[in-house]
>>> print(open('run.txt').read())   # compact mmCIF, C-alpha atoms
# COMPACT_ATOMS: atom_id res chain seq x y z
CA MET A 1 -54.38 -47.96 -36.07
CA VAL A 2 -57.05 -47.36 -33.44
CA SER A 3 -56.08 -44.67 -30.94
CA GLU A 4 -56.30 -45.51 -27.26
CA ARG A 5 -58.52 -43.19 -25.28
CA ILE A 6 -58.43 -42.35 -21.60
CA ALA A 7 -61.15 -43.97 -19.50
CA GLU A 8 -62.24 -43.43 -15.92
CA GLY A 9 -59.99 -45.39 -13.57
CA ASP A 10 -56.96 -45.18 -15.87
CA TYR A 11 -53.65 -43.77 -14.68
CA VAL A 12 -52.30 -40.85 -16.71
CA LEU A 13 -48.93 -39.12 -16.63
CA ILE A 14 -49.55 -35.38 -16.67
CA TYR A 15 -46.54 -33.67 -18.25
CA LEU A 16 -45.63 -30.00 -17.77
CA ASP A 17 -41.90 -30.28 -18.44
CA SER A 18 -39.10 -32.82 -17.86
CA ARG A 19 -38.84 -31.84 -14.19
CA ARG A 20 -42.57 -31.69 -13.43
CA THR A 21 -44.70 -34.73 -14.17
CA TYR A 22 -47.58 -36.17 -12.17
CA MET A 23 -49.09 -39.65 -12.12
CA ILE A 24 -52.82 -39.38 -11.43
CA LYS A 25 -55.83 -41.69 -11.46
CA VAL A 26 -58.69 -40.39 -13.58
CA GLU A 27 -61.80 -40.09 -11.43
CA ALA A 28 -64.98 -38.27 -12.50
CA GLY A 29 -65.90 -35.22 -10.46
CA LYS A 30 -62.41 -34.71 -9.03
CA THR A 31 -59.77 -32.06 -9.62
CA PHE A 32 -55.98 -32.18 -9.51
CA HIS A 33 -54.26 -29.10 -8.10
CA THR A 34 -50.84 -27.82 -9.23
CA HIS A 35 -48.93 -24.54 -8.86
CA LYS A 36 -50.04 -23.81 -12.43
CA GLY A 37 -53.73 -24.14 -11.65
CA TYR A 38 -56.07 -27.11 -11.23
CA LEU A 39 -57.16 -29.69 -13.80
CA LYS A 40 -60.69 -31.06 -14.05
CA LEU A 41 -60.26 -34.81 -14.36
CA ASP A 42 -63.65 -35.11 -16.09
CA GLU A 43 -62.06 -33.40 -19.08
CA LEU A 44 -59.52 -36.22 -19.46
CA ILE A 45 -62.14 -38.93 -20.02
CA GLY A 46 -62.40 -39.76 -23.73
CA LYS A 47 -59.26 -37.88 -24.71
CA GLU A 48 -56.48 -39.57 -26.68
CA TYR A 49 -53.15 -40.02 -24.92
CA GLY A 50 -50.91 -37.20 -26.06
CA GLU A 51 -53.66 -34.57 -26.14
CA PRO A 52 -53.17 -31.32 -24.21
CA ILE A 53 -55.36 -30.23 -21.30
CA LYS A 54 -55.64 -26.66 -20.05
CA SER A 55 -55.51 -25.77 -16.36
CA SER A 56 -57.68 -23.20 -14.59
CA LEU A 57 -54.86 -20.65 -15.09
CA GLY A 58 -54.68 -21.31 -18.84
CA ILE A 59 -51.47 -23.38 -18.70
CA PHE A 60 -51.34 -26.38 -21.04
CA PHE A 61 -50.30 -29.80 -19.75
CA THR A 62 -49.90 -32.95 -21.89
CA THR A 63 -51.54 -36.31 -21.15
CA LEU A 64 -49.20 -39.28 -21.59
CA LYS A 65 -49.73 -43.01 -21.17
CA PRO A 66 -47.46 -44.18 -18.31
CA ALA A 67 -44.50 -46.32 -19.39
CA LEU A 68 -42.80 -48.95 -17.23
CA THR A 69 -40.17 -46.43 -16.07
CA ASP A 70 -42.94 -44.06 -14.95
CA TYR A 71 -44.54 -46.73 -12.77
CA ILE A 72 -41.12 -47.44 -11.24
CA MET A 73 -40.08 -43.84 -10.63
CA LYS A 74 -43.55 -42.83 -9.39
CA SER A 75 -43.75 -45.78 -6.99
CA SER A 76 -45.11 -45.04 -3.55
CA ARG A 77 -41.95 -45.37 -1.43
CA ASN A 78 -41.25 -46.47 2.11
CA THR A 79 -37.73 -47.58 1.20
CA GLN A 80 -35.20 -46.94 -1.59
CA ILE A 81 -36.23 -48.07 -5.08
CA THR A 82 -34.22 -49.91 -7.72
CA TYR A 83 -33.58 -47.31 -10.41
CA PRO A 84 -34.48 -48.12 -14.03
CA LYS A 85 -30.78 -48.11 -15.01
CA ASP A 86 -30.13 -51.00 -12.61
CA ALA A 87 -33.47 -52.75 -13.20
CA ALA A 88 -32.72 -52.85 -16.93
CA LEU A 89 -29.38 -54.59 -16.42
CA ILE A 90 -30.82 -56.97 -13.84
CA VAL A 91 -33.55 -58.02 -16.29
CA MET A 92 -31.04 -58.47 -19.12
CA PHE A 93 -28.55 -60.47 -17.05
CA SER A 94 -31.35 -62.67 -15.64
CA GLY A 95 -32.40 -63.78 -19.13
CA ILE A 96 -36.09 -63.72 -18.20
CA GLY A 97 -38.95 -63.34 -20.64
CA PRO A 98 -42.57 -64.35 -21.16
CA GLY A 99 -43.32 -67.52 -19.18
CA SER A 100 -40.27 -67.32 -16.89
CA ARG A 101 -40.53 -68.28 -13.21
CA VAL A 102 -38.54 -65.97 -10.96
CA VAL A 103 -37.94 -65.61 -7.23
CA GLU A 104 -37.13 -62.14 -5.91
CA SER A 105 -36.11 -61.08 -2.39
CA GLY A 106 -36.69 -58.54 -0.87
CA THR A 107 -39.70 -56.87 -2.34
CA GLY A 108 -39.19 -53.40 -0.86
CA THR A 109 -41.34 -50.85 -2.71
CA GLY A 110 -42.01 -53.32 -5.52
CA ALA A 111 -40.19 -51.20 -8.11
CA LEU A 112 -37.98 -54.05 -9.34
CA THR A 113 -40.89 -56.46 -8.88
CA THR A 114 -42.86 -54.30 -11.32
CA ALA A 115 -40.12 -54.62 -13.96
CA LEU A 116 -39.81 -58.40 -13.45
CA ALA A 117 -43.59 -58.87 -13.61
CA HIS A 118 -43.75 -56.85 -16.82
CA TYR A 119 -41.20 -59.08 -18.55
CA VAL A 120 -42.43 -62.50 -17.39
CA GLY A 121 -45.92 -61.57 -18.59
CA SER A 122 -49.19 -63.28 -17.82
CA THR A 123 -47.74 -66.74 -18.59
CA GLY A 124 -44.89 -66.35 -16.08
CA LYS A 125 -44.74 -65.73 -12.35
CA VAL A 126 -42.66 -63.67 -9.93
CA TYR A 127 -42.50 -65.06 -6.40
CA THR A 128 -41.38 -62.14 -4.26
CA TYR A 129 -40.29 -62.63 -0.64
CA GLU A 130 -40.46 -59.88 1.98
CA LEU A 131 -40.30 -60.01 5.80
CA ARG A 132 -41.88 -56.62 6.57
CA SER A 133 -45.67 -56.52 6.14
CA GLU A 134 -45.77 -52.73 5.66
CA PHE A 135 -43.42 -53.08 2.68
CA GLN A 136 -45.60 -55.84 1.22
CA LYS A 137 -48.77 -53.77 1.48
CA ASN A 138 -47.16 -50.77 -0.19
CA ALA A 139 -45.62 -52.94 -2.94
CA ALA A 140 -49.02 -54.53 -3.61
CA LYS A 141 -50.54 -51.08 -4.17
CA ASN A 142 -47.78 -50.19 -6.64
CA LEU A 143 -48.29 -53.47 -8.53
CA GLN A 144 -52.05 -52.96 -8.66
CA ARG A 145 -51.55 -49.50 -10.10
CA SER A 146 -49.38 -50.89 -12.91
CA LYS A 147 -51.91 -53.73 -13.47
CA LEU A 148 -49.18 -56.35 -12.97
CA ILE A 149 -50.31 -57.80 -9.63
CA ASP A 150 -51.69 -60.96 -11.30
CA ASN A 151 -48.17 -61.86 -12.47
CA VAL A 152 -46.87 -61.83 -8.89
CA GLU A 153 -47.22 -64.05 -5.84
CA MET A 154 -46.30 -62.14 -2.69
CA LYS A 155 -44.75 -64.24 0.06
CA SER A 156 -43.63 -63.62 3.62
CA GLY A 157 -40.39 -65.39 4.34
CA ASP A 158 -36.63 -65.29 4.84
CA VAL A 159 -34.80 -66.74 1.85
CA THR A 160 -31.60 -67.07 3.89
CA MET A 161 -33.46 -69.93 5.59
CA GLY A 162 -34.68 -71.57 2.38
CA ILE A 163 -36.63 -71.16 -0.86
CA GLU A 164 -39.81 -73.14 -1.50
CA GLU A 165 -39.85 -72.96 -5.30
CA ARG A 166 -37.90 -75.32 -7.57
CA GLU A 167 -36.86 -75.35 -11.24
CA LEU A 168 -36.67 -71.57 -11.37
CA ASP A 169 -35.36 -69.71 -14.40
CA ALA A 170 -33.83 -66.93 -12.32
CA LEU A 171 -33.36 -65.68 -8.78
CA ILE A 172 -32.98 -61.97 -7.97
CA LEU A 173 -31.58 -60.74 -4.65
CA ASP A 174 -31.53 -57.30 -3.06
CA LEU A 175 -30.55 -58.22 0.49
CA ALA A 176 -28.03 -57.28 3.16
CA THR A 177 -26.55 -60.82 3.25
CA PRO A 178 -27.01 -62.37 -0.22
CA TRP A 179 -24.16 -64.85 0.28
CA LEU A 180 -26.28 -66.73 2.84
CA VAL A 181 -28.86 -67.45 0.11
CA ILE A 182 -26.48 -69.00 -2.42
CA PRO A 183 -26.80 -72.67 -1.29
CA HIS A 184 -30.61 -72.33 -1.32
CA ALA A 185 -30.43 -70.63 -4.72
CA TYR A 186 -28.52 -73.60 -6.12
CA ALA A 187 -31.29 -75.96 -4.98
CA ALA A 188 -34.05 -73.72 -6.34
CA LEU A 189 -32.66 -72.94 -9.80
CA LYS A 190 -32.92 -75.24 -12.81
CA PRO A 191 -29.63 -76.27 -14.44
CA SER A 192 -28.07 -73.21 -16.10
CA GLY A 193 -30.46 -71.01 -14.12
CA ILE A 194 -29.26 -67.50 -13.40
CA ILE A 195 -28.80 -65.63 -10.13
CA VAL A 196 -28.49 -61.84 -9.99
CA SER A 197 -27.62 -59.98 -6.79
CA PHE A 198 -27.74 -56.21 -6.24
CA SER A 199 -25.53 -54.88 -3.43
CA PRO A 200 -24.53 -51.33 -2.45
CA THR A 201 -21.11 -52.23 -0.99
CA ILE A 202 -18.08 -54.05 -2.36
CA ASP A 203 -17.71 -56.19 0.79
CA GLN A 204 -21.10 -57.75 0.01
CA VAL A 205 -19.94 -58.40 -3.55
CA VAL A 206 -16.77 -60.21 -2.41
CA LYS A 207 -18.64 -62.50 -0.01
CA THR A 208 -21.34 -63.23 -2.60
CA THR A 209 -18.80 -64.01 -5.33
CA GLU A 210 -16.91 -66.37 -3.04
CA ALA A 211 -20.16 -68.16 -2.16
CA LEU A 212 -21.07 -68.49 -5.85
CA ARG A 213 -17.69 -70.07 -6.64
CA GLU A 214 -18.06 -72.49 -3.74
CA ASN A 215 -21.56 -73.56 -4.83
CA ASN A 216 -21.07 -74.52 -8.49
CA PHE A 217 -21.87 -71.25 -10.23
CA VAL A 218 -19.84 -70.07 -13.23
CA PHE A 219 -19.74 -67.11 -15.62
CA ILE A 220 -19.63 -64.88 -12.54
CA GLU A 221 -19.35 -61.16 -13.18
CA THR A 222 -19.87 -57.92 -11.25
CA VAL A 223 -20.69 -54.61 -12.93
CA GLU A 224 -21.62 -51.11 -11.87
CA CYS A 225 -23.91 -48.92 -13.97
CA ILE A 226 -23.36 -45.16 -13.81
CA MET A 227 -25.74 -43.09 -15.95
CA ARG A 228 -25.09 -39.52 -17.05
CA ALA A 229 -27.76 -37.49 -18.84
CA MET A 230 -26.91 -34.83 -21.41
CA GLN A 231 -28.08 -31.25 -21.63
CA VAL A 232 -28.74 -30.86 -25.35
CA GLU A 233 -28.88 -27.41 -26.92
CA ARG A 234 -27.23 -26.30 -30.15
CA GLY A 235 -23.81 -24.89 -29.32
CA LYS A 236 -24.17 -25.68 -25.60
CA THR A 237 -24.49 -29.46 -25.41
CA ARG A 238 -22.70 -30.94 -22.40
CA PRO A 239 -23.22 -33.44 -19.59
CA GLN A 240 -25.74 -32.36 -16.96
CA THR A 241 -24.23 -31.12 -13.72
CA LEU A 242 -26.23 -33.54 -11.58
CA MET A 243 -26.24 -37.29 -12.20
CA THR A 244 -27.24 -40.59 -10.67
CA GLY A 245 -23.86 -42.04 -9.75
CA HIS A 246 -23.23 -45.10 -7.61
CA THR A 247 -26.36 -46.95 -6.55
CA GLY A 248 -24.99 -50.48 -6.28
CA TYR A 249 -23.09 -53.38 -7.83
CA ILE A 250 -24.78 -56.10 -9.87
CA THR A 251 -23.31 -59.60 -9.55
CA HIS A 252 -24.60 -62.47 -11.68
CA GLY A 253 -23.71 -66.11 -12.31
CA ARG A 254 -25.10 -69.36 -13.74
CA LYS A 255 -25.72 -72.69 -12.08
CA ILE A 256 -23.87 -75.76 -13.34
CA LEU A 257 -24.36 -79.37 -12.32
CA GLU A 258 -21.89 -80.89 -9.92
CA LEU A 259 -19.19 -83.03 -11.46
CA ARG A 260 -19.31 -86.73 -10.61
CA GLN A 261 -16.33 -88.00 -8.59
CA GLU A 262 -15.02 -90.00 -11.53
CA ASP A 263 -15.19 -86.88 -13.73
CA VAL A 264 -13.23 -84.91 -11.14
CA LYS A 265 -10.51 -87.59 -11.07
CA GLU A 266 -10.38 -87.69 -14.88
CA THR A 267 -10.06 -83.88 -15.04
CA GLU A 268 -7.32 -83.84 -12.42
CA ALA A 269 -5.42 -86.55 -14.35
CA LEU A 270 -5.66 -84.54 -17.58
CA TYR A 271 -4.38 -81.41 -15.81
CA GLU A 272 -1.46 -83.41 -14.40
CA ILE A 273 -0.56 -84.72 -17.87
CA GLU A 274 -0.67 -81.18 -19.33
CA GLU A 275 1.48 -79.81 -16.50
CA ASN A 276 4.04 -82.60 -17.00
CA LYS A 277 4.19 -81.81 -20.73
CA ALA A 278 4.70 -78.13 -20.00
CA SER A 279 7.50 -78.90 -17.52
CA SER A 280 9.22 -81.22 -20.05
CA ASN A 281 9.05 -78.53 -22.74
CA GLU A 282 10.55 -75.95 -20.40
CA ALA A 283 13.38 -78.35 -19.44
CA ALA A 284 14.15 -79.00 -23.10
>>> encode(input="run.txt", output="structure tokens")
Amino acid sequence: MVSERIAEGDYVLIYLDSRRTYMIKVEAGKTFHTHKGYLKLDELIGKEYGEPIKSSLGIFFTTLKPALTDYIMKSSRNTQITYPKDAALIVMFSGIGPGSRVVESGTGTGALTTALAHYVGSTGKVYTYELRSEFQKNAAKNLQRSKLIDNVEMKSGDVTMGIEERELDALILDLATPWLVIPHAYAALKPSGIIVSFSPTIDQVVKTTEALRENNFVFIETVECIMRAMQVERGKTRPQTLMTGHTGYITHGRKILELRQEDVKETEALYEIEENKASSNEAA
């Protein structure tokens, strides 16, 4: 297997320990300063990922290739990000993969957009809606850094007023009023398409769930993901004192086609027959 080497312009995760990591762009002639001394970025060029590099104070750092979670957690932020624990569930519930077409709103920092763009790949597309231009510009920078910008079309618009795309595989919402989008989501999704909504409060969840039921979505479920890391040391292993607790609730459902009027009448007649049978059995 050919080892991948660091080139000028690449992003590298500089690792000191689990609490101190730094995402830097390798540029010739520049230095990166830390409390443990500075690193000459020239020395990174041509190294294999995983090799150590020594600072001016003789402290060794390790060079790592950034993973998807690193790009998300190291996003430039002007608003709250979607944490990897939630992004992972959102991706799984959405059912997306290479070639999928997905609408997302709102873009925010682009952290969740980065995860979606990674999974749809170069043959898919993420259409991400955002009203605030400063958020869009920052998200675009984050997507360029992860080299996923080509998988994304950034749009300015309010999805509570409508969605342009049709025959979508999935629709992802992180909005204050997701229930207002549900009728538009139904029109935009292909049959059996999936909607996933992330909301911080339970009141939002209730309104969204009610709107999903009223607009021909089924298989509706809401979950909360709470992640607790472990402090692992022989004889002292226990949960870490600090943890990422509640961040939000994830609600998802699937679009079904509307029943024809004659099908509704047939179903109601069958229910009536079953109820009559049950009443007769109870009387007997």
>>> residues_near_point(input="run.txt", point="(-52.3, -36.0, -18.9)", cutoff="6 Å", atoms="all atoms listed in the file", output="tab-separated table (two decimals) with C-alpha atoms, in the coordinates of the input")
chain	number	residue	atom	x	y	z
A	12	VAL	CA	-52.30	-40.85	-16.71
A	13	LEU	CA	-48.93	-39.12	-16.63
A	14	ILE	CA	-49.55	-35.38	-16.67
A	62	THR	CA	-49.90	-32.95	-21.89
A	63	THR	CA	-51.54	-36.31	-21.15
A	64	LEU	CA	-49.20	-39.28	-21.59
>>> residues_around(input="run.txt", residues="Ala28 (chain A)", least_positions_apart="2", cutoff="12 Å", atoms="only C-alpha atoms", output="VMD selection string")
chain A and resid 6 to 10 25 to 26 30 to 32 39 to 46
>>> closest_residue(input="run.txt", among="A:Trp179, A:Phe135, A:Tyr119, A:Tyr22", to="Thr209 (chain A)", atoms="only C-alpha atoms")
A:Trp179
>>> closest_atom_pairs(input="run.txt", of="region 151-233 of chain A", to="region 82-86 of chain A", cutoff="9 Å", atoms="only C-alpha atoms", output="CSV")
residue,atom,partner,partner_atom,distance
A:Phe198,CA,A:Asp86,CA,8.6
A:Glu224,CA,A:Asp86,CA,8.5
A:Cys225,CA,A:Asp86,CA,6.7
A:Ile226,CA,A:Lys85,CA,8.1
A:Met227,CA,A:Lys85,CA,7.2
>>> residues_near_point(input="run.txt", point="(-36.0, -63.3, -4.3)", cutoff="6 Å", atoms="only C-alpha atoms", output="VMD selection string")
chain A and resid 103 to 106 128 to 129 171 to 173
>>> closest_residue(input="run.txt", among="A:Glu266, A:Glu27, A:Glu221, A:Glu165", to="Tyr249 (chain A)", atoms="only C-alpha atoms")
A:Glu221
>>> residues_around(input="run.txt", residues="Arg166 (chain A)", least_positions_apart="2", cutoff="9 Å", atoms="only C-alpha atoms", output="short mmCIF file (atom, residue, chain, number, x, y, z; two decimals) with C-alpha atoms, in the coordinates of the input")
data_model
loop_
_atom_site.label_atom_id
_atom_site.label_comp_id
_atom_site.auth_asym_id
_atom_site.auth_seq_id
_atom_site.Cartn_x
_atom_site.Cartn_y
_atom_site.Cartn_z
CA ILE A 163 -36.63 -71.16 -0.86
CA GLU A 164 -39.81 -73.14 -1.50
CA LEU A 168 -36.67 -71.57 -11.37
CA ALA A 187 -31.29 -75.96 -4.98
CA ALA A 188 -34.05 -73.72 -6.34
CA LEU A 189 -32.66 -72.94 -9.80
CA LYS A 190 -32.92 -75.24 -12.81
#
>>> closest_residue(input="run.txt", among="A:Gly95, A:Pro178, A:Gly248, A:Gly121", to="Ser199 (chain A)", atoms="only C-alpha atoms")
A:Gly248
>>> atom_distance(input="run.txt", atom1="CA of Gly108 (chain A)", atom2="CA of Ile194 (chain A)")
21.3 Å
>>> closest_residue(input="run.txt", among="A:Val232, A:Ile256, A:Ala117, A:Ile81", to="Asp174 (chain A)", atoms="only C-alpha atoms")
A:Ile81
>>> decode(input="run.txt", residues="region 58-179 of chain A", atoms="C-alpha atoms", output="CSV table (one decimal), in the first residue's frame")
chain,number,residue,atom,x,y,z
A,58,GLY,CA,11.9,19.8,21.7
A,59,ILE,CA,8.3,18.7,22.3
A,60,PHE,CA,7.0,16.0,19.9
A,61,PHE,CA,3.7,16.4,18.1
A,62,THR,CA,2.1,13.9,15.8
A,63,THR,CA,0.8,14.7,12.3
A,64,LEU,CA,-2.6,13.1,11.6
A,65,LYS,CA,-4.8,13.2,8.5
A,66,PRO,CA,-8.1,15.0,9.4
A,67,ALA,CA,-11.1,12.7,9.6
A,68,LEU,CA,-14.7,13.8,9.0
A,69,THR,CA,-15.3,14.4,12.7
A,70,ASP,CA,-12.2,16.7,12.8
A,71,TYR,CA,-13.6,18.9,10.1
A,72,ILE,CA,-16.9,19.1,11.9
A,73,MET,CA,-15.4,19.9,15.4
A,74,LYS,CA,-12.8,22.3,14.0
A,75,SER,CA,-15.4,24.2,11.9
A,76,SER,CA,-15.1,27.9,12.0
A,77,ARG,CA,-18.1,28.9,14.1
A,78,ASN,CA,-20.5,31.8,14.1
A,79,THR,CA,-23.3,29.7,15.5
A,80,GLN,CA,-23.7,26.4,17.3
A,81,ILE,CA,-22.6,23.3,15.4
A,82,THR,CA,-24.4,19.9,15.0
A,83,TYR,CA,-22.2,17.5,17.1
A,84,PRO,CA,-20.9,14.3,15.4
A,85,LYS,CA,-23.2,12.2,17.8
A,86,ASP,CA,-26.3,13.9,16.3
A,87,ALA,CA,-24.9,14.1,12.7
A,88,ALA,CA,-24.3,10.4,12.7
A,89,LEU,CA,-27.9,9.6,13.7
A,90,ILE,CA,-29.3,12.1,11.2
A,91,VAL,CA,-27.3,10.6,8.4
A,92,MET,CA,-28.4,7.0,9.4
A,93,PHE,CA,-32.1,7.9,9.7
A,94,SER,CA,-32.0,9.8,6.4
A,95,GLY,CA,-30.9,6.8,4.5
A,96,ILE,CA,-28.6,8.8,2.2
A,97,GLY,CA,-25.6,7.5,0.4
A,98,PRO,CA,-23.6,8.0,-2.8
A,99,GLY,CA,-25.8,9.7,-5.4
A,100,SER,CA,-28.5,10.9,-3.0
A,101,ARG,CA,-30.2,14.3,-3.5
A,102,VAL,CA,-30.8,16.1,-0.2
A,103,VAL,CA,-32.2,19.4,0.9
A,104,GLU,CA,-30.9,20.9,4.2
A,105,SER,CA,-32.1,24.0,6.0
A,106,GLY,CA,-30.5,26.0,7.7
A,107,THR,CA,-26.9,25.8,6.8
A,108,GLY,CA,-25.4,27.4,9.9
A,109,THR,CA,-21.7,26.7,10.2
A,110,GLY,CA,-21.9,24.0,7.6
A,111,ALA,CA,-21.0,21.3,10.1
A,112,LEU,CA,-23.9,19.0,9.3
A,113,THR,CA,-23.7,20.1,5.6
A,114,THR,CA,-20.1,18.7,5.7
A,115,ALA,CA,-21.3,15.3,6.9
A,116,LEU,CA,-24.2,15.2,4.3
A,117,ALA,CA,-21.8,16.2,1.5
A,118,HIS,CA,-19.4,13.5,2.5
A,119,TYR,CA,-22.0,10.7,2.3
A,120,VAL,CA,-23.8,11.8,-0.9
A,121,GLY,CA,-20.4,11.9,-2.6
A,122,SER,CA,-19.5,13.4,-6.0
A,123,THR,CA,-22.5,11.8,-7.7
A,124,GLY,CA,-25.0,13.3,-5.2
A,125,LYS,CA,-25.9,16.8,-4.2
A,126,VAL,CA,-26.8,18.7,-1.1
A,127,TYR,CA,-29.0,21.8,-1.6
A,128,THR,CA,-28.5,23.8,1.6
A,129,TYR,CA,-30.8,26.8,2.3
A,130,GLU,CA,-29.7,29.7,4.6
A,131,LEU,CA,-31.2,33.2,5.0
A,132,ARG,CA,-28.1,34.8,6.6
A,133,SER,CA,-25.3,35.7,4.2
A,134,GLU,CA,-22.6,35.8,6.9
A,135,PHE,CA,-23.5,32.2,7.8
A,136,GLN,CA,-23.3,31.1,4.2
A,137,LYS,CA,-19.9,32.7,3.7
A,138,ASN,CA,-18.5,31.0,6.8
A,139,ALA,CA,-20.1,27.6,5.8
A,140,ALA,CA,-18.5,27.9,2.3
A,141,LYS,CA,-15.1,28.3,3.9
A,142,ASN,CA,-15.6,25.2,6.1
A,143,LEU,CA,-16.7,23.2,3.0
A,144,GLN,CA,-13.8,24.3,1.0
A,145,ARG,CA,-11.4,23.3,3.7
A,146,SER,CA,-12.9,19.7,3.8
A,147,LYS,CA,-12.8,19.6,-0.1
A,148,LEU,CA,-16.6,18.9,-0.2
A,149,ILE,CA,-17.8,22.2,-1.6
A,150,ASP,CA,-18.4,20.6,-5.1
A,151,ASN,CA,-21.0,18.3,-3.6
A,152,VAL,CA,-23.0,21.2,-2.3
A,153,GLU,CA,-25.2,23.9,-3.8
A,154,MET,CA,-25.7,26.8,-1.5
A,155,LYS,CA,-29.0,28.6,-1.7
A,156,SER,CA,-30.5,31.7,-0.1
A,157,GLY,CA,-34.1,31.1,0.8
A,158,ASP,CA,-36.8,30.4,3.4
A,159,VAL,CA,-38.0,26.8,3.2
A,160,THR,CA,-41.1,27.7,5.2
A,161,MET,CA,-42.2,29.5,2.1
A,162,GLY,CA,-41.4,26.6,-0.3
A,163,ILE,CA,-38.7,24.3,-1.7
A,164,GLU,CA,-37.7,24.4,-5.3
A,165,GLU,CA,-36.3,20.9,-5.6
A,166,ARG,CA,-38.4,17.8,-6.4
A,167,GLU,CA,-37.9,14.0,-6.2
A,168,LEU,CA,-35.6,14.4,-3.2
A,169,ASP,CA,-34.3,11.3,-1.3
A,170,ALA,CA,-34.2,13.2,2.0
A,171,LEU,CA,-34.8,16.5,3.7
A,172,ILE,CA,-33.0,17.7,6.8
A,173,LEU,CA,-34.2,20.5,9.0
A,174,ASP,CA,-32.5,22.4,11.8
A,175,LEU,CA,-34.9,25.3,12.1
A,176,ALA,CA,-36.9,27.1,14.8
A,177,THR,CA,-40.3,26.3,13.1
A,178,PRO,CA,-39.8,23.0,11.3
A,179,TRP,CA,-43.6,22.2,11.3
